[in-house]
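**Student:** Below is target.cif; it holds mmCIF, C-alpha atoms and all ligand atoms.
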data_start
loop_
_atom_site.group_PDB
_atom_site.id
_atom_site.type_symbol
_atom_site.label_atom_id
_atom_site.label_comp_id
_atom_site.auth_asym_id
_atom_site.auth_seq_id
_atom_site.Cartn_x
_atom_site.Cartn_y
_atom_site.Cartn_z
ATOM 1 C CA MET L 456 0.000 0.000 0.000
ATOM 2 C CA ILE L 457 1.336 3.469 -0.847
ATOM 3 C CA GLU L 458 1.211 5.793 2.129
ATOM 4 C CA ARG L 459 -0.021 9.286 1.455
ATOM 5 C CA THR L 460 2.497 12.005 2.345
ATOM 6 C CA ILE L 461 1.089 14.271 5.017
ATOM 7 C CA ALA L 462 1.076 17.731 3.508
ATOM 8 C CA THR L 463 2.393 19.729 6.418
ATOM 9 C CA GLU L 464 5.446 21.427 7.914
ATOM 10 C CA ARG L 465 7.507 21.412 11.127
ATOM 11 C CA ASP L 466 7.097 23.772 14.109
ATOM 12 C CA VAL L 467 8.713 27.213 13.940
ATOM 13 C CA THR L 468 11.060 27.544 16.958
ATOM 14 C CA ASP L 469 11.241 30.355 19.550
ATOM 15 C CA GLU L 470 14.680 31.364 18.257
ATOM 16 C CA GLU L 471 13.280 31.716 14.752
ATOM 17 C CA VAL L 472 10.432 33.891 16.037
ATOM 18 C CA VAL L 473 12.897 36.180 17.843
ATOM 19 C CA PHE L 474 15.056 36.496 14.710
ATOM 20 C CA TYR L 475 11.962 37.309 12.631
ATOM 21 C CA GLU L 476 10.858 40.043 14.999
ATOM 22 C CA GLU L 477 14.245 41.708 14.999
ATOM 23 C CA HIS L 478 15.144 41.377 11.329
ATOM 24 C CA GLY L 479 11.749 41.228 9.597
ATOM 25 C CA TRP L 480 12.675 37.985 7.866
ATOM 26 C CA VAL L 481 13.955 34.583 8.921
ATOM 27 C CA MET L 482 15.350 31.448 7.286
ATOM 28 C CA LEU L 483 13.509 28.259 8.331
ATOM 29 C CA ARG L 484 15.771 25.382 7.370
ATOM 30 C CA GLN L 485 13.874 22.268 6.229
ATOM 31 C CA LEU L 486 10.444 23.649 7.044
ATOM 32 C CA ALA L 487 9.019 20.989 4.732
ATOM 33 C CA SER L 488 10.337 17.438 4.349
ATOM 34 C CA PRO L 489 11.887 16.233 1.059
ATOM 35 C CA GLU L 490 8.766 14.104 0.364
ATOM 36 C CA VAL L 491 6.376 17.030 0.842
ATOM 37 C CA THR L 492 8.603 19.382 -1.162
ATOM 38 C CA ARG L 493 8.790 16.936 -4.071
ATOM 39 C CA GLU L 494 5.027 16.511 -4.121
ATOM 40 C CA LEU L 495 4.404 20.289 -4.002
ATOM 41 C CA LEU L 496 6.721 20.747 -6.982
ATOM 42 C CA ALA L 497 5.001 17.963 -8.922
ATOM 43 C CA ARG L 498 1.582 19.545 -8.251
ATOM 44 C CA LEU L 499 2.733 22.996 -9.389
ATOM 45 C CA GLN L 500 4.330 21.558 -12.508
ATOM 46 C CA ARG L 501 1.031 19.874 -13.303
ATOM 47 C CA LEU L 502 -0.666 23.294 -13.176
ATOM 48 C CA MET L 503 2.094 25.358 -14.787
ATOM 49 C CA GLY L 504 4.043 22.952 -17.029
ATOM 50 C CA THR L 505 7.398 21.317 -16.305
ATOM 51 C CA ASP L 506 9.200 24.534 -17.209
ATOM 52 C CA ALA L 507 6.247 26.777 -16.349
ATOM 53 C CA GLU L 508 5.492 27.136 -20.052
ATOM 54 C CA GLN L 509 1.807 26.338 -19.783
ATOM 55 C CA PHE L 510 0.242 29.673 -19.014
ATOM 56 C CA GLU L 511 -0.196 32.885 -20.927
ATOM 57 C CA GLY L 512 -2.318 35.881 -20.136
ATOM 58 C CA VAL L 513 -4.087 36.996 -16.998
ATOM 59 C CA HIS L 514 -6.539 34.728 -15.271
ATOM 60 C CA ASP L 515 -8.949 36.177 -12.823
ATOM 61 C CA ARG L 516 -8.751 34.424 -9.489
ATOM 62 C CA VAL L 517 -6.949 31.154 -10.105
ATOM 63 C CA GLY L 518 -4.142 30.980 -12.622
ATOM 64 C CA SER L 519 -1.232 32.854 -14.011
ATOM 65 C CA THR L 520 -0.115 36.290 -15.092
ATOM 66 C CA ASN L 521 3.191 34.879 -16.434
ATOM 67 C CA ARG L 522 4.601 38.283 -17.175
ATOM 68 C CA GLY L 523 7.675 39.891 -15.738
ATOM 69 C CA VAL L 524 9.755 38.726 -12.882
ATOM 70 C CA PHE L 525 8.733 35.093 -12.660
ATOM 71 C CA ALA L 526 6.107 32.809 -14.113
ATOM 72 C CA ASP L 527 3.390 32.634 -11.489
ATOM 73 C CA TYR L 528 0.300 30.631 -10.680
ATOM 74 C CA ASN L 529 -1.997 32.236 -8.128
ATOM 75 C CA HIS L 530 -4.356 30.433 -5.772
ATOM 76 C CA GLY L 531 -3.163 26.959 -6.739
ATOM 77 C CA ALA L 532 -4.581 25.807 -3.392
ATOM 78 C CA LYS L 533 -8.013 26.299 -4.950
ATOM 79 C CA ALA L 534 -7.103 24.086 -7.889
ATOM 80 C CA ASP L 535 -5.158 21.234 -6.286
ATOM 81 C CA ASP L 536 -5.971 19.241 -3.137
ATOM 82 C CA TYR L 537 -2.374 18.671 -2.044
ATOM 83 C CA LEU L 538 -1.510 22.378 -2.301
ATOM 84 C CA ARG L 539 -4.709 23.066 -0.372
ATOM 85 C CA ASP L 540 -3.914 20.549 2.405
ATOM 86 C CA PHE L 541 -0.427 22.021 2.808
ATOM 87 C CA THR L 542 -1.504 25.659 2.719
ATOM 88 C CA LEU L 543 -4.546 25.242 4.949
ATOM 89 C CA SER L 544 -2.962 22.848 7.459
ATOM 90 C CA LYS L 545 -3.495 23.708 11.121
ATOM 91 C CA GLN L 546 0.240 23.363 11.594
ATOM 92 C CA ALA L 547 0.846 26.153 9.066
ATOM 93 C CA GLY L 548 -1.733 28.308 10.867
ATOM 94 C CA ARG L 549 -0.112 27.685 14.253
ATOM 95 C CA ASN L 550 3.287 28.652 12.860
ATOM 96 C CA VAL L 551 1.823 31.910 11.569
ATOM 97 C CA GLN L 552 0.291 32.625 14.998
ATOM 98 C CA ARG L 553 3.706 32.022 16.552
ATOM 99 C CA LEU L 554 5.375 34.446 14.134
ATOM 100 C CA PHE L 555 2.657 37.046 14.767
ATOM 101 C CA ARG L 556 2.954 36.350 18.533
ATOM 102 C CA ARG L 557 -0.839 36.538 18.603
ATOM 103 C CA GLU L 558 -3.470 33.902 19.279
ATOM 104 C CA VAL L 559 -5.806 35.242 16.597
ATOM 105 C CA PRO L 560 -7.586 33.242 13.929
ATOM 106 C CA ILE L 561 -5.392 32.962 10.852
ATOM 107 C CA ARG L 562 -6.895 33.229 7.384
ATOM 108 C CA TYR L 563 -5.512 32.254 4.005
ATOM 109 C CA TRP L 564 -4.779 35.178 1.683
ATOM 110 C CA ASN L 565 -2.984 33.802 -1.386
ATOM 111 C CA ASP L 566 -0.610 31.127 -2.567
ATOM 112 C CA LEU L 567 1.458 31.104 -5.701
ATOM 113 C CA GLY L 568 3.934 29.051 -7.605
ATOM 114 C CA ALA L 569 6.847 31.311 -8.551
ATOM 115 C CA CYS L 570 9.133 29.973 -11.251
ATOM 116 C CA LYS L 571 11.939 32.352 -12.185
ATOM 117 C CA LEU L 572 13.137 31.165 -15.561
ATOM 118 C CA PRO L 573 16.754 31.453 -16.729
ATOM 119 C CA ALA L 574 17.611 35.077 -17.508
ATOM 120 C CA VAL L 575 17.647 36.944 -20.781
ATOM 121 C CA ASP L 576 20.436 39.471 -21.519
ATOM 122 C CA ASP L 577 18.725 42.555 -20.128
ATOM 123 C CA ALA L 578 17.182 40.642 -17.231
ATOM 124 C CA GLU L 579 18.171 43.144 -14.544
ATOM 125 C CA MET L 580 15.676 45.630 -15.990
ATOM 126 C CA VAL L 581 12.092 44.863 -15.108
ATOM 127 C CA PRO L 582 9.714 46.007 -17.877
ATOM 128 C CA GLN L 583 8.519 49.562 -17.367
ATOM 129 C CA GLY L 584 4.927 50.680 -16.992
ATOM 130 C CA THR L 585 3.129 49.220 -14.004
ATOM 131 C CA THR L 586 -0.555 48.905 -13.238
ATOM 132 C CA VAL L 587 -2.206 50.144 -10.046
ATOM 133 C CA TYR L 588 -1.402 46.767 -8.501
ATOM 134 C CA GLY L 589 2.277 47.064 -9.358
ATOM 135 C CA ILE L 590 2.246 44.256 -11.902
ATOM 136 C CA PRO L 591 4.811 44.953 -14.610
ATOM 137 C CA ALA L 592 3.488 45.483 -18.128
ATOM 138 C CA ALA L 593 3.806 42.291 -20.149
ATOM 139 C CA PRO L 594 7.207 41.908 -21.837
ATOM 140 C CA PRO L 595 7.565 39.980 -25.108
ATOM 141 C CA VAL L 596 6.699 36.280 -24.725
ATOM 142 C CA GLU L 597 10.298 35.077 -24.915
ATOM 143 C CA LYS L 598 11.267 37.263 -21.946
ATOM 144 C CA ARG L 599 8.382 36.513 -19.629
ATOM 145 C CA GLY L 600 9.287 35.270 -16.175
ATOM 146 C CA ARG L 601 13.002 35.965 -16.714
ATOM 147 C CA PHE L 602 13.654 39.267 -14.941
ATOM 148 C CA ASN L 603 15.001 40.347 -11.577
ATOM 149 C CA THR L 604 12.526 41.053 -8.774
ATOM 150 C CA PRO L 605 12.885 44.771 -7.919
ATOM 151 C CA TRP L 606 13.002 46.013 -4.309
ATOM 152 C CA HIS L 607 9.500 46.323 -2.900
ATOM 153 C CA GLN L 608 7.357 45.858 0.192
ATOM 154 C CA ASP L 609 4.291 43.596 -0.034
ATOM 155 C CA TYR L 610 1.644 46.215 -0.131
ATOM 156 C CA ASP L 611 -1.501 44.708 -1.516
ATOM 157 C CA PHE L 612 -3.467 43.792 1.607
ATOM 158 C CA PRO L 613 -6.592 45.966 2.074
ATOM 159 C CA GLY L 614 -6.665 45.546 5.876
ATOM 160 C CA ASP L 615 -6.389 48.136 8.641
ATOM 161 C CA ARG L 616 -3.144 46.670 10.064
ATOM 162 C CA PHE L 617 0.003 45.106 8.692
ATOM 163 C CA GLY L 618 -1.509 41.741 9.615
ATOM 164 C CA THR L 619 0.038 39.544 6.895
ATOM 165 C CA LEU L 620 3.175 37.562 6.300
ATOM 166 C CA THR L 621 4.711 35.590 3.465
ATOM 167 C CA ILE L 622 6.312 32.149 3.590
ATOM 168 C CA TRP L 623 8.575 31.544 0.600
ATOM 169 C CA LEU L 624 9.464 27.861 0.223
ATOM 170 C CA ALA L 625 12.264 26.649 -2.066
ATOM 171 C CA LEU L 626 11.191 23.592 -4.048
ATOM 172 C CA VAL L 627 14.616 22.972 -5.606
ATOM 173 C CA ASP L 628 18.162 23.523 -4.327
ATOM 174 C CA MET L 629 19.067 27.156 -4.990
ATOM 175 C CA PRO L 630 22.484 28.797 -5.040
ATOM 176 C CA PRO L 631 22.385 32.627 -4.897
ATOM 177 C CA GLU L 632 23.023 32.888 -8.651
ATOM 178 C CA MET L 633 19.624 31.294 -9.238
ATOM 179 C CA GLY L 634 18.111 34.587 -8.053
ATOM 180 C CA THR L 635 17.430 33.940 -4.362
ATOM 181 C CA MET L 636 15.758 36.519 -2.127
ATOM 182 C CA ARG L 637 17.549 39.531 -0.585
ATOM 183 C CA PHE L 638 16.227 41.391 2.449
ATOM 184 C CA LEU L 639 17.059 44.810 3.859
ATOM 185 C CA SER L 640 17.296 43.496 7.406
ATOM 186 C CA GLY L 641 15.388 45.477 10.022
ATOM 187 C CA VAL L 642 13.706 47.877 7.580
ATOM 188 C CA HIS L 643 10.226 46.630 8.562
ATOM 189 C CA HIS L 644 10.582 48.883 11.631
ATOM 190 C CA GLU L 645 10.211 51.875 9.238
ATOM 191 C CA GLY L 646 6.604 50.972 8.380
ATOM 192 C CA PRO L 647 5.097 51.403 4.906
ATOM 193 C CA LEU L 648 7.357 53.287 2.490
ATOM 194 C CA GLY L 649 4.840 53.775 -0.308
ATOM 195 C CA ARG L 650 3.863 52.066 -3.504
ATOM 196 C CA VAL L 651 7.293 52.486 -5.019
ATOM 197 C CA SER L 652 9.445 49.713 -6.331
ATOM 198 C CA GLY L 653 13.017 49.357 -7.507
ATOM 199 C CA ASP L 654 15.731 51.910 -6.815
ATOM 200 C CA GLY L 655 13.088 54.653 -6.608
ATOM 201 C CA ILE L 656 12.690 53.650 -2.958
ATOM 202 C CA PHE L 657 16.322 54.507 -2.205
ATOM 203 C CA GLU L 658 15.991 57.840 -4.025
ATOM 204 C CA GLN L 659 13.018 58.719 -1.816
ATOM 205 C CA TYR L 660 14.629 57.376 1.370
ATOM 206 C CA PRO L 661 18.386 57.860 0.897
ATOM 207 C CA TYR L 662 19.166 56.948 4.526
ATOM 208 C CA LEU L 663 17.849 53.384 4.246
ATOM 209 C CA ARG L 664 20.991 51.942 2.721
ATOM 210 C CA ARG L 665 23.142 53.531 5.431
ATOM 211 C CA LYS L 666 20.896 52.405 8.247
ATOM 212 C CA TYR L 667 20.127 48.798 7.193
ATOM 213 C CA GLU L 668 22.161 45.992 5.653
ATOM 214 C CA VAL L 669 21.226 43.751 2.771
ATOM 215 C CA SER L 670 21.194 40.083 3.836
ATOM 216 C CA GLU L 671 24.036 37.887 2.612
ATOM 217 C CA PRO L 672 23.238 36.063 -0.659
ATOM 218 C CA LEU L 673 21.191 33.082 0.503
ATOM 219 C CA THR L 674 21.560 29.450 -0.450
ATOM 220 C CA TYR L 675 18.394 27.394 -0.018
ATOM 221 C CA ARG L 676 18.078 23.637 -0.035
ATOM 222 C CA ALA L 677 14.758 22.288 -1.320
ATOM 223 C CA GLY L 678 12.428 22.452 1.717
ATOM 224 C CA ASP L 679 14.087 25.565 3.239
ATOM 225 C CA ALA L 680 11.837 28.596 3.535
ATOM 226 C CA THR L 681 12.199 32.256 4.332
ATOM 227 C CA VAL L 682 9.424 34.226 5.970
ATOM 228 C CA HIS L 683 9.159 37.969 5.437
ATOM 229 C CA HIS L 684 7.175 40.758 7.030
ATOM 230 C CA PRO L 685 4.921 42.810 4.687
ATOM 231 C CA TRP L 686 7.057 45.925 5.359
ATOM 232 C CA MET L 687 10.293 44.118 4.617
ATOM 233 C CA LEU L 688 12.013 45.483 1.508
ATOM 234 C CA HIS L 689 12.963 42.460 -0.557
ATOM 235 C CA SER L 690 14.263 41.738 -4.028
ATOM 236 C CA ALA L 691 15.909 39.003 -6.061
ATOM 237 C CA PRO L 692 18.378 39.128 -8.945
ATOM 238 C CA ALA L 693 17.610 37.413 -12.230
ATOM 239 C CA ASN L 694 18.243 33.676 -12.466
ATOM 240 C CA ARG L 695 21.756 33.314 -13.915
ATOM 241 C CA THR L 696 21.696 29.511 -14.089
ATOM 242 C CA ASP L 697 20.203 27.329 -16.802
ATOM 243 C CA ARG L 698 17.623 25.771 -14.417
ATOM 244 C CA PRO L 699 14.232 27.148 -13.378
ATOM 245 C CA ARG L 700 13.979 28.534 -9.819
ATOM 246 C CA TRP L 701 10.835 26.917 -8.400
ATOM 247 C CA ALA L 702 9.329 28.343 -5.211
ATOM 248 C CA TYR L 703 5.957 28.038 -3.507
ATOM 249 C CA ILE L 704 4.749 31.195 -1.767
ATOM 250 C CA ARG L 705 1.958 31.342 0.844
ATOM 251 C CA GLN L 706 0.436 34.409 2.447
ATOM 252 C CA TYR L 707 -1.805 34.548 5.498
ATOM 253 C CA PHE L 708 -3.464 37.294 7.507
ATOM 254 C CA ALA L 709 -4.687 37.883 11.042
ATOM 255 C CA GLY L 710 -8.429 37.246 11.121
ATOM 256 C CA ASP L 711 -9.181 40.367 13.172
ATOM 257 C CA ALA L 712 -8.012 42.655 10.337
ATOM 258 C CA VAL L 713 -10.723 45.031 9.136
ATOM 259 C CA TYR L 714 -11.374 45.780 5.437
ATOM 260 C CA THR L 715 -10.406 49.306 4.348
ATOM 261 C CA GLY L 716 -11.669 49.215 0.762
ATOM 262 C CA MET L 717 -8.200 49.784 -0.716
ATOM 263 C CA PRO L 718 -8.228 48.563 -4.330
ATOM 264 C CA CYS L 719 -6.977 44.987 -4.519
ATOM 265 C CA ARG L 720 -7.372 42.438 -7.277
ATOM 266 C CA TRP L 721 -8.299 39.716 -4.762
ATOM 267 C CA THR L 722 -11.111 41.647 -3.043
ATOM 268 C CA ASP L 723 -12.515 44.279 -5.440
ATOM 269 C CA ASP L 724 -15.397 42.128 -6.670
ATOM 270 C CA LEU L 725 -16.334 40.313 -3.453
ATOM 271 C CA GLY L 726 -18.817 42.789 -1.994
ATOM 272 C CA LEU L 727 -16.886 43.181 1.277
ATOM 273 C CA GLU L 728 -18.027 45.947 3.586
ATOM 274 C CA VAL L 729 -15.568 48.645 4.631
ATOM 275 C CA GLY L 730 -15.112 48.609 8.404
ATOM 276 C CA LYS L 731 -15.963 44.909 8.746
ATOM 277 C CA ARG L 732 -13.631 41.932 8.965
ATOM 278 C CA LEU L 733 -12.473 40.177 5.790
ATOM 279 C CA GLU L 734 -14.733 37.201 6.393
ATOM 280 C CA HIS L 735 -15.284 35.475 3.069
ATOM 281 C CA ALA L 736 -15.106 31.943 1.730
ATOM 282 C CA GLU L 737 -12.257 33.081 -0.555
ATOM 283 C CA PHE L 738 -10.159 33.474 2.612
ATOM 284 C CA PRO L 739 -10.813 30.375 4.713
ATOM 285 C CA VAL L 740 -9.832 30.192 8.374
ATOM 286 C CA VAL L 741 -6.699 28.051 8.684
ATOM 287 C CA VAL L 742 -6.662 27.916 12.457
ATOM 288 C CA GLU L 743 -8.927 29.439 15.109
HETATM 289 O O1 LIG J 801 10.337 35.223 -5.711
HETATM 290 C C1 LIG J 801 10.696 36.377 -5.874
HETATM 291 O O2 LIG J 801 11.620 36.680 -6.631
HETATM 292 C C2 LIG J 801 10.011 37.486 -5.127
HETATM 293 C C3 LIG J 801 8.889 37.014 -4.293
HETATM 294 C C4 LIG J 801 8.205 38.113 -3.550
HETATM 295 O O3 LIG J 801 8.294 39.276 -3.876
HETATM 296 C C5 LIG J 801 7.380 37.775 -2.401
HETATM 297 O O4 LIG J 801 7.292 36.569 -2.046
HETATM 298 O O5 LIG J 801 6.798 38.673 -1.771
#
Mind turning the file's structure into structure tokens?
**Tutor:**
Amino acid sequence: MIERTIATERDVTDEEVVFYEEHGWVMLRQLASPEVTRELLARLQRLMGTDAEQFEGVHDRVGSTNRGVFADYNHGAKADDYLRDFTLSKQAGRNVQRLFRREVPIRYWNDLGACKLPAVDDAEMVPQGTTVYGIPAAPPVEKRGRFNTPWHQDYDFPGDRFGTLTIWLALVDMPPEMGTMRFLSGVHHEGPLGRVSGDGIFEQYPYLRRKYEVSEPLTYRAGDATVHHPWMLHSAPANRTDRPRWAYIRQYFAGDAVYTGMPCRWTDDLGLEVGKRLEHAEFPVVVE
């Protein structure tokens, strides 16, 4: 009989929580086992194609924008039961509570496969012209998913408090030259810096580079994850190897967050009421 892999992750430790609070990001070595990591990758490849070639164009709620910085597939947990079990596991919810240091209900916000494809020549220049949501304008097909990720904070949550976090799980072994994440350690203490991305942030806030240090180039083994705070400035260079950089990203929010009505592609059409909690079947409770 084949045993089903349990789609879950290990406990986050107290030391990791302390590091996260101070630095605004933390590396969680082997958060997911090799078996779970392999299965997550297989499920994403089924949705996106072995080299993430399957998707073109923008899909509404589930699917891909496959445009600039990496090929993506949003809300895969709504399309695949294994991704759903992993993302909505109580263990994941408890880890998020630990990182928040709050015993609040945790809700699912988004999950996405992020496959940064091997770079093109001008890959350190993200296509110009962004939408209100900060999504780069579509580059030519042959360049899609092959750019660097410019410096940015995660700024798309229409709640009345920071209330979210992101868990970025490596699904393959990743040396820094594959375009692994960089963090400006400690910068989350500055709060929101505006809807600016790329070097424009450092032109507007010239002191940031003097005050905070960029994390060392990170090497991830498959199953390692980093967590980052929504006000953490983060970026990633282009992928300078010949292999795709496969990651699985999950985002959660604190269930007591109140809807502000800020435009957001995940909430605009849901009929949520400003001033009330974001209680909607699109954002299931992961843990009470
Ligand atoms: O994978 C990347 O290059 C960037 C991911 C990112 O911006 C995020 O997880 O918030």
**Student:** Using only C-alpha atoms, which residue out of L:Gly649, L:Gly614, L:Gly710, L:Gly641 lies closest to Val559 (chain L)?
**Tutor:** L:Gly710
**Student:** In terms of the shortest atom-to-atom distance over all atoms listed in the file, which of L:Asp611, L:Ala547, L:Glu671, L:Pro594 is closest to Pro718 (chain L)?
**Tutor:**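 Of L:Asp611, L:Ala547, L:Glu671, L:Pro594, the one nearest Pro718 (chain L), counting all atoms listed in the file, is L:Asp611.
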**Student:** Would you give me, as a Markdown table, each residue of chain L having an atom within 6 Å of an atom of ligand LIG 801 (chain J), along with its shortest atom pair and that distance in Å to one decimal, using only C-alpha atoms and all ligand atoms and sorting by chain and residue number?
**Tutor:**
| residue | atom | partner | partner_atom | distance |
| --- | --- | --- | --- | --- |
| L:Ala569 | CA | J:LIG801 | O1 | 6.0 |
| L:Thr604 | CA | J:LIG801 | O2 | 5.0 |
| L:Asp609 | CA | J:LIG801 | O5 | 5.8 |
| L:Trp623 | CA | J:LIG801 | O4 | 5.8 |
| L:Ala691 | CA | J:LIG801 | O2 | 4.9 |
| L:Ile704 | CA | J:LIG801 | O4 | 6.0 |
**Student:** Determine the nearest neighbour of Gly600 (chain L) from the options L:His683, L:Arg637, L:Arg664, L:Arg700, counting all atoms listed in the file.
**Tutor:**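 Checking each candidate against Gly600 (chain L), we get L:Arg700 as the closest.
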**Student:** Applying 10 Å and all atoms listed in the file, which residues near Gly655 (chain L) remain after dropping the ones on its own chain fewer than 5 positions away? List them as a PyMOL selection string.
**Tutor:** chain L and resi 605-607+660-661
**Student:** Residues of the last selection are to be written out with C-alpha atoms, as a PDB file, keeping the file's coordinate frame.
**Tutor:**
ATOM      1  CA  PRO L 605      12.885  44.771  -7.919  1.00  0.00           C
ATOM      2  CA  TRP L 606      13.002  46.013  -4.309  1.00  0.00           C
ATOM      3  CA  HIS L 607       9.500  46.323  -2.900  1.00  0.00           C
ATOM      4  CA  TYR L 660      14.629  57.376   1.370  1.00  0.00           C
ATOM      5  CA  PRO L 661      18.386  57.860   0.897  1.00  0.00           C
TER       6      PRO L 661
END
**Student:** Hey, what comes out of the PyMOL selection byres (((chain L and resi 647) around 9) and not hetatm) on this file? Could you write it as a count of residues only?
**Tutor:** 12
**Student:** Name all residues at most 12 Å from Lys533 (chain L) (count all atoms listed in the file; drop same-chain ones fewer than 2 positions away) and give them as a list of chain:residue names.
**Tutor:**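 What passes the distance filter is L:Leu502, L:Arg516, L:Val517, L:Gly518, L:Tyr528, L:Asn529, L:His530, L:Gly531, L:Asp535, L:Asp536, L:Tyr537, L:Leu538, L:Arg539, L:Asp540, L:Phe541, L:Thr542, L:Leu543, L:Tyr563, L:Trp564, L:Asn565, L:Asp566, L:Leu567, L:Ala736, L:Glu737, L:Phe738, L:Pro739.
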**Student:** CA of Ile561 (chain L) and CA of Pro489 (chain L), how far apart in Å?
**Tutor:**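 Interatomic distance here is 26.0 Å.
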**Student:** Let me know the residues the PyMOL selection byres (((chain L and resi 483) around 7) and not hetatm) catches in the file above, as a ChimeraX atom specification.
**Tutor:** /L:481-482,484-486,679-681
**Student:** Using only C-alpha atoms, can you list as a PDB file with C-alpha atoms, in the frame of the given file the residues within 9 Å of (19.0, 32.5, -0.7)?
**Tutor:**
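Once everything was written out, this is point-v3.pdb:
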ATOM      1  CA  MET L 482      15.350  31.448   7.286  1.00  0.00           C
ATOM      2  CA  MET L 629      19.067  27.156  -4.990  1.00  0.00           C
ATOM      3  CA  PRO L 630      22.484  28.797  -5.040  1.00  0.00           C
ATOM      4  CA  PRO L 631      22.385  32.627  -4.897  1.00  0.00           C
ATOM      5  CA  GLU L 632      23.023  32.888  -8.651  1.00  0.00           C
ATOM      6  CA  MET L 633      19.624  31.294  -9.238  1.00  0.00           C
ATOM      7  CA  GLY L 634      18.111  34.587  -8.053  1.00  0.00           C
ATOM      8  CA  THR L 635      17.430  33.940  -4.362  1.00  0.00           C
ATOM      9  CA  MET L 636      15.758  36.519  -2.127  1.00  0.00           C
ATOM     10  CA  ARG L 637      17.549  39.531  -0.585  1.00  0.00           C
ATOM     11  CA  GLU L 671      24.036  37.887   2.612  1.00  0.00           C
ATOM     12  CA  PRO L 672      23.238  36.063  -0.659  1.00  0.00           C
ATOM     13  CA  LEU L 673      21.191  33.082   0.503  1.00  0.00           C
ATOM     14  CA  THR L 674      21.560  29.450  -0.450  1.00  0.00           C
ATOM     15  CA  TYR L 675      18.394  27.394  -0.018  1.00  0.00           C
ATOM     16  CA  ARG L 676      18.078  23.637  -0.035  1.00  0.00           C
ATOM     17  CA  THR L 681      12.199  32.256   4.332  1.00  0.00           C
ATOM     18  CA  ALA L 691      15.909  39.003  -6.061  1.00  0.00           C
TER      19      ALA L 691
END
**Student:** What separation in Å, quoted to one decimal, exists between CA of Met503 (chain L) and CA of Phe602 (chain L)?
**Tutor:**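 Atom-to-atom, CA of Met503 (chain L) to CA of Phe602 (chain L), that is 18.1 Å.
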